[in-house]
Number of protein chains: 6
Amino acid sequence: MIYLTRRERFNAAHRLYNPEWDDKKNERIYGKCSNPNWHGHNYELFVTIKGEVKEKTGYVVNLKSLSKLIKESVIEEIDHKNINLEVSFMKGRIASTENLAIAIWTVLFKPIQELGAELHRIKIIETENNFVEYYG
Amino acid sequence: MIYLTRRERFNAAHRLYNPEWDDKKNERIYGKCSNPNWHGHNYELFVTIKGEVKEKTGYVVNLKSLSKLIKESVIEEIDHKNINLEVSFMKGRIASTENLAIAIWTVLFKPIQELGAELHRIKIIETENNFVEYYG
Amino acid sequence: MIYLTRRERFNAAHRLYNPEWDDKKNERIYGKCSNPNWHGHNYELFVTIKGEVKEKTGYVVNLKSLSKLIKESVIEEIDHKNINLEVSFMKGRIASTENLAIAIWTVLFKPIQELGAELHRIKIIETENNFVEYYG
Amino acid sequence: MIYLTRRERFNAAHRLYNPEWDDKKNERIYGKCSNPNWHGHNYELFVTIKGEVKEKTGYVVNLKSLSKLIKESVIEEIDHKNINLEVSFMKGRIASTENLAIAIWTVLFKPIQELGAELHRIKIIETENNFVEYYG
Amino acid sequence: MIYLTRRERFNAAHRLYNPEWDDKKNERIYGKCSNPNWHGHNYELFVTIKGEVKEKTGYVVNLKSLSKLIKESVIEEIDHKNINLEVSFMKGRIASTENLAIAIWTVLFKPIQELGAELHRIKIIETENNFVEYYG
Amino acid sequence: MIYLTRRERFNAAHRLYNPEWDDKKNERIYGKCSNPNWHGHNYELFVTIKGEVKEKTGYVVNLKSLSKLIKESVIEEIDHKNINLEVSFMKGRIASTENLAIAIWTVLFKPIQELGAELHRIKIIETENNFVEYYG
């Protein structure tokens, strides 16, 4: 069993906002992260898969297939977008990094099985001081 | 003459958009950077000053004063904000990294003279693949 | 279950020194790390907690509370200090990165439970070439 | 139980190539990574060991011994070399990062036991966008 | 006048070798960098241009045009290649980072003028410990 | 003319302290950086030289000679040392990064001429948020 990680990046706008609360409460809970005019980040996404090394190729999966999958399923949907308004897999979820990691797990889980491996971890770096990891 | 650089960071939303053009032309020129729903970045700002080393202190200027100045004049104004809508020193300017560097130069030039040094360079890293430098 | 990591930094002096040994033996075991006049590092501390994502907030815990806790319990005690002489939670321990990780675990374990999460890992990067991880 | 990681680096040439296939098939599977004239990387190797902290030293193992072991067993064999042609522990294996991690695990497993610890993980960063981890 | 930098990356094999010398002398001068079986690097290329900010766009030049130019003129020619054997703009030059910087300057100088800016600097990072800069 | 930069690293203890002032004034000026029990840093030193590329070698100077020079003249003197107490070239100077850059310039200027190049810049990174550059 070996673990292979691919990094992809995206730049997006978001705000932390619970629609059940009024603006005041949102600001009290989230502070400046709740700014109604949005702010944004350079997100780094690390997708880790696990599987056996195929003897013929020396690969778990072909990195190019993995990168293509992540780009088509996740990056094209979220890069240079507004996470609250435009990203289908985040609809109805608060735009926190935690929820982002869980949502991306859900998007990638089956397609990675179809590549012949298992999704092991989604890691998202939001700033150089904080990141989130999800193992399903 | 010695050069001292302080790094500060801010996260902000923006879009590239020239109000003289319609949406189509904006999109043709700027591509996805013109998304009307915004996107955002983790910006890194490097402020370089130059001056003589003071014999009594071994300092060009006190780093804490420099950091405080940058935070109060620039970071508080732009961090977790929308550069197009909310940042006073960017009013009337297209929200490109180039214009951001020039605007921050203008904000910091005199206050740094009052600290007893000369502003030498503003550098802004927008993504790991592109940055801008301005020397006045 | 999701894992959230906060990075904080501190600069400190230390030396590797076992008071049961004479200087010669300390030098034989620890080499230049045992210099009686001290040396120092820019330490990076990564605190990883785990817990359920709260549906109301999208958070495991509020990052600001976590950062405040680490700053007040650890960073203020150790930043710009001498680890051997001045840091209460390192009293009686050899000032190795291993012991530092264990001591910080002990300091943070309960307060993180009070924030509503579990401490999962303490990671300390001492130089770009070596780091230590502790899981309790 | 504590985990200690040492980073070492090496620069090497390689190509992805299965000798059972003709050049066309190799190129179809591996793309430009199969270039018969080779390409190369700055590899980063992270060796993680685990063990008890020794009360006398505050160490799991002496970092210098660990670094010396990795340098003598791995780095001297592979640095500034051609992985396909010159590295004894890669003989008969396709020169993928996956196989490299497994081979280095095999080289280091016993000598690390002789240092008084257990090998926990081999991580190899091939480019800033992909890395591999192996836990035995 | 503002300075804009674009980073691109390439992975390549090379050896330091002067064909006027025999292998012994090459090894004496270049050490292991002269290994006849090649070694390789993850090179980082930073292309810095300078020019006026265009009032209509807020750009010096469109980053996408600059990136496309570098990719088509340099990266496609050198990525996953052998610098000594396969790179047209390095023909007849010793494959040092110094010569690489000068050669890439020559390739990019005119096309960047056609984009409406001036090439200011070519910087190549060969390893985390050494890099080269060329200003024409 | 080409510019070549070599990075070396050192870990050291220091405090900011002017012996002409009492402890109170030192603390008022330098804050926690004046802690009498010292603190420390992982310093990164970047030495940039300039010169013609030698046609025979493709080198400005041999990187190994440059690295050896920096290690013998600077690193061995300062690594794992106390900058205020033990570093000959800092005697009588306040242990600021500014003074460190100037002192290292003085140490390296002539020996680099003897290598056949000119010292261009000394850059010292003290923390990820501040660095100093000196050009003579």
# chains A, B, ... in the order shown; residues from 1 in each chain; ligands from 1
>>> residues_around(residues="range 22-24 of chain D", least_positions_apart="4", cutoff="10 Å", atoms="only C-alpha atoms", output="list in words")
Tyr17, Asn18, Arg28, Ile29, Tyr30, Gly31, Ser34, Asn35 and Pro36 of chain D
>>> write_last_selection(atoms="N, CA and C atoms", output="mmCIF file, in the first residue's frame")
data_model
loop_
_atom_site.group_PDB
_atom_site.id
_atom_site.type_symbol
_atom_site.label_atom_id
_atom_site.label_comp_id
_atom_site.auth_asym_id
_atom_site.auth_seq_id
_atom_site.Cartn_x
_atom_site.Cartn_y
_atom_site.Cartn_z
ATOM 1 N N TYR D 17 10.257 3.925 -17.617
ATOM 2 C CA TYR D 17 10.512 3.021 -18.736
ATOM 3 C C TYR D 17 10.348 1.580 -18.275
ATOM 4 N N ASN D 18 9.475 0.854 -18.952
ATOM 5 C CA ASN D 18 9.320 -0.577 -18.695
ATOM 6 C C ASN D 18 10.002 -1.329 -19.832
ATOM 7 N N ARG D 28 3.432 6.082 -24.803
ATOM 8 C CA ARG D 28 1.987 6.194 -24.633
ATOM 9 C C ARG D 28 1.592 6.186 -23.156
ATOM 10 N N ILE D 29 2.251 5.338 -22.368
ATOM 11 C CA ILE D 29 1.920 5.240 -20.934
ATOM 12 C C ILE D 29 2.503 6.403 -20.134
ATOM 13 N N TYR D 30 3.753 6.704 -20.383
ATOM 14 C CA TYR D 30 4.462 7.638 -19.498
ATOM 15 C C TYR D 30 4.601 9.055 -20.068
ATOM 16 N N GLY D 31 4.269 9.237 -21.339
ATOM 17 C CA GLY D 31 4.406 10.563 -21.925
ATOM 18 C C GLY D 31 5.841 11.043 -21.891
ATOM 19 N N SER D 34 9.015 9.556 -20.208
ATOM 20 C CA SER D 34 9.731 8.407 -20.748
ATOM 21 C C SER D 34 10.847 8.814 -21.708
ATOM 22 N N ASN D 35 11.116 10.092 -21.848
ATOM 23 C CA ASN D 35 12.161 10.590 -22.755
ATOM 24 C C ASN D 35 13.456 9.776 -22.646
ATOM 25 N N PRO D 36 13.883 9.128 -23.749
ATOM 26 C CA PRO D 36 15.081 8.267 -23.713
ATOM 27 C C PRO D 36 16.364 9.020 -23.341
#
>>> select_by_dssp(residues="chain D", states="strand (DSSP E)", output="PyMOL selection string")
chain D and resi 2-14+39-51+81-82+118-127+130-134
>>> residues_around(residues="range 77-91 of chain F", least_positions_apart="2", cutoff="9 Å", atoms="only C-alpha atoms", output="ChimeraX atom specification")
/C:32-35,37-40 /F:9-17,38,40,71-75,93-95,99-100,103-104,106-107
>>> select_by_dssp(residues="range 17-116 of chain B", states="helix (DSSP H, G or I)", output="number ranges by chain")
B: 23-34, 63-78, 83-86, 88-90, 97-114
>>> residues_around(residues="Glu133 in chain F", least_positions_apart="4", cutoff="9 Å", atoms="only C-alpha atoms", output="ChimeraX atom specification")
/B:2-5 /F:98,101-102,121-125
>>> interface_residues(of="chain B", to="chain F", cutoff="8 Å", atoms="only C-alpha atoms", output="PyMOL selection string")
chain B and resi 1-8+53+56-60
>>> write_last_selection(atoms="all heavy atoms", output="tab-separated table (two decimals), in the first residue's frame")
chain	number	residue	atom	x	y	z
B	1	MET	N	24.50	52.59	3.65
B	1	MET	CA	23.10	52.40	3.24
B	1	MET	C	22.72	50.92	3.32
B	1	MET	O	23.39	50.06	2.75
B	1	MET	CB	22.94	52.88	1.78
B	1	MET	CG	21.51	52.99	1.33
B	1	MET	SD	20.69	54.40	2.10
B	1	MET	CE	21.00	55.70	0.88
B	2	ILE	N	21.66	50.63	4.05
B	2	ILE	CA	21.24	49.24	4.17
B	2	ILE	C	19.74	49.15	3.87
B	2	ILE	O	19.01	50.13	4.02
B	2	ILE	CB	21.60	48.68	5.57
B	2	ILE	CG1	21.73	47.15	5.50
B	2	ILE	CG2	20.60	49.12	6.64
B	2	ILE	CD1	22.66	46.58	6.50
B	3	TYR	N	19.32	47.97	3.41
B	3	TYR	CA	17.94	47.77	3.00
B	3	TYR	C	17.25	46.80	3.96
B	3	TYR	O	17.78	45.70	4.19
B	3	TYR	CB	17.90	47.20	1.57
B	3	TYR	CG	18.47	48.16	0.56
B	3	TYR	CD1	19.85	48.35	0.46
B	3	TYR	CD2	17.64	48.92	-0.26
B	3	TYR	CE1	20.37	49.26	-0.45
B	3	TYR	CE2	18.17	49.83	-1.18
B	3	TYR	CZ	19.53	49.99	-1.25
B	3	TYR	OH	20.05	50.90	-2.14
B	4	LEU	N	16.11	47.20	4.46
B	4	LEU	CA	15.36	46.39	5.43
B	4	LEU	C	13.98	46.11	4.85
B	4	LEU	O	13.31	47.03	4.38
B	4	LEU	CB	15.23	47.15	6.75
B	4	LEU	CG	14.33	46.52	7.81
B	4	LEU	CD1	14.97	45.26	8.39
B	4	LEU	CD2	14.03	47.53	8.92
B	5	THR	N	13.56	44.86	4.91
B	5	THR	CA	12.26	44.48	4.33
B	5	THR	C	11.37	43.87	5.39
B	5	THR	O	11.79	42.99	6.14
B	5	THR	CB	12.46	43.48	3.18
B	5	THR	OG1	13.23	44.11	2.16
B	5	THR	CG2	11.11	43.05	2.58
B	6	ARG	N	10.15	44.32	5.42
B	6	ARG	CA	9.13	43.76	6.30
B	6	ARG	C	8.03	43.14	5.45
B	6	ARG	O	7.54	43.77	4.51
B	6	ARG	CB	8.51	44.87	7.16
B	6	ARG	CG	7.40	44.42	8.08
B	6	ARG	CD	7.91	43.59	9.22
B	6	ARG	NE	6.85	42.96	10.01
B	6	ARG	CZ	7.06	42.08	10.97
B	6	ARG	NH1	8.29	41.72	11.29
B	6	ARG	NH2	6.06	41.55	11.63
B	7	ARG	N	7.64	41.91	5.77
B	7	ARG	CA	6.54	41.26	5.09
B	7	ARG	C	5.28	41.36	5.93
B	7	ARG	O	5.32	41.12	7.13
B	7	ARG	CB	6.86	39.78	4.85
B	7	ARG	CG	5.77	39.04	4.06
B	7	ARG	CD	6.04	37.55	3.96
B	7	ARG	NE	5.81	36.89	5.22
B	7	ARG	CZ	5.04	35.79	5.38
B	7	ARG	NH1	4.49	35.21	4.32
B	7	ARG	NH2	4.87	35.25	6.55
B	8	GLU	N	4.16	41.72	5.31
B	8	GLU	CA	2.85	41.62	5.95
B	8	GLU	C	1.94	40.92	4.94
B	8	GLU	O	2.23	40.86	3.76
B	8	GLU	CB	2.29	43.00	6.33
B	8	GLU	CG	3.16	43.82	7.24
B	8	GLU	CD	3.17	43.34	8.69
B	8	GLU	OE1	2.31	42.51	9.05
B	8	GLU	OE2	4.06	43.76	9.46
B	53	VAL	N	22.42	52.79	9.09
B	53	VAL	CA	22.26	52.10	10.36
B	53	VAL	C	22.61	53.09	11.48
B	53	VAL	O	23.69	53.68	11.47
B	53	VAL	CB	23.18	50.87	10.43
B	53	VAL	CG1	23.03	50.16	11.78
B	53	VAL	CG2	22.85	49.90	9.31
B	56	LYS	N	23.63	53.96	17.62
B	56	LYS	CA	23.11	53.69	18.97
B	56	LYS	C	22.25	52.42	19.03
B	56	LYS	O	22.23	51.72	20.04
B	56	LYS	CB	22.23	54.86	19.46
B	56	LYS	CG	22.97	56.15	19.69
B	56	LYS	CD	23.55	56.20	21.10
B	56	LYS	CE	24.32	57.50	21.30
B	56	LYS	NZ	25.33	57.38	22.38
B	57	THR	N	21.51	52.15	17.95
B	57	THR	CA	20.53	51.06	18.00
B	57	THR	C	20.90	49.86	17.12
B	57	THR	O	20.40	48.75	17.35
B	57	THR	CB	19.15	51.54	17.51
B	57	THR	OG1	19.29	52.04	16.17
B	57	THR	CG2	18.59	52.64	18.41
B	58	GLY	N	21.76	50.06	16.13
B	58	GLY	CA	22.02	49.00	15.18
B	58	GLY	C	20.88	48.80	14.20
B	58	GLY	O	20.87	47.86	13.40
B	59	TYR	N	19.90	49.69	14.25
B	59	TYR	CA	18.70	49.63	13.42
B	59	TYR	C	18.76	50.67	12.29
B	59	TYR	O	19.33	51.75	12.48
B	59	TYR	CB	17.46	50.00	14.25
B	59	TYR	CG	16.87	48.91	15.11
B	59	TYR	CD1	16.02	49.27	16.17
B	59	TYR	CD2	17.10	47.57	14.89
B	59	TYR	CE1	15.43	48.30	16.98
B	59	TYR	CE2	16.50	46.60	15.70
B	59	TYR	CZ	15.68	46.97	16.73
B	59	TYR	OH	15.09	46.02	17.53
B	60	VAL	N	18.13	50.38	11.17
B	60	VAL	CA	17.76	51.44	10.23
B	60	VAL	C	16.56	52.16	10.82
B	60	VAL	O	16.61	53.36	11.10
B	60	VAL	CB	17.38	50.87	8.84
B	60	VAL	CG1	17.08	52.02	7.88
B	60	VAL	CG2	18.46	49.99	8.30
>>> atom_distance(atom1="CA of Leu115 in chain E", atom2="CA of Glu55 in chain E")
16.0 Å
>>> atom_distance(atom1="CA of His41 in chain A", atom2="CA of Glu76 in chain A")
16.0 Å
>>> atom_distance(atom1="CA of Lys25 in chain D", atom2="CA of Ser65 in chain A")
16.9 Å
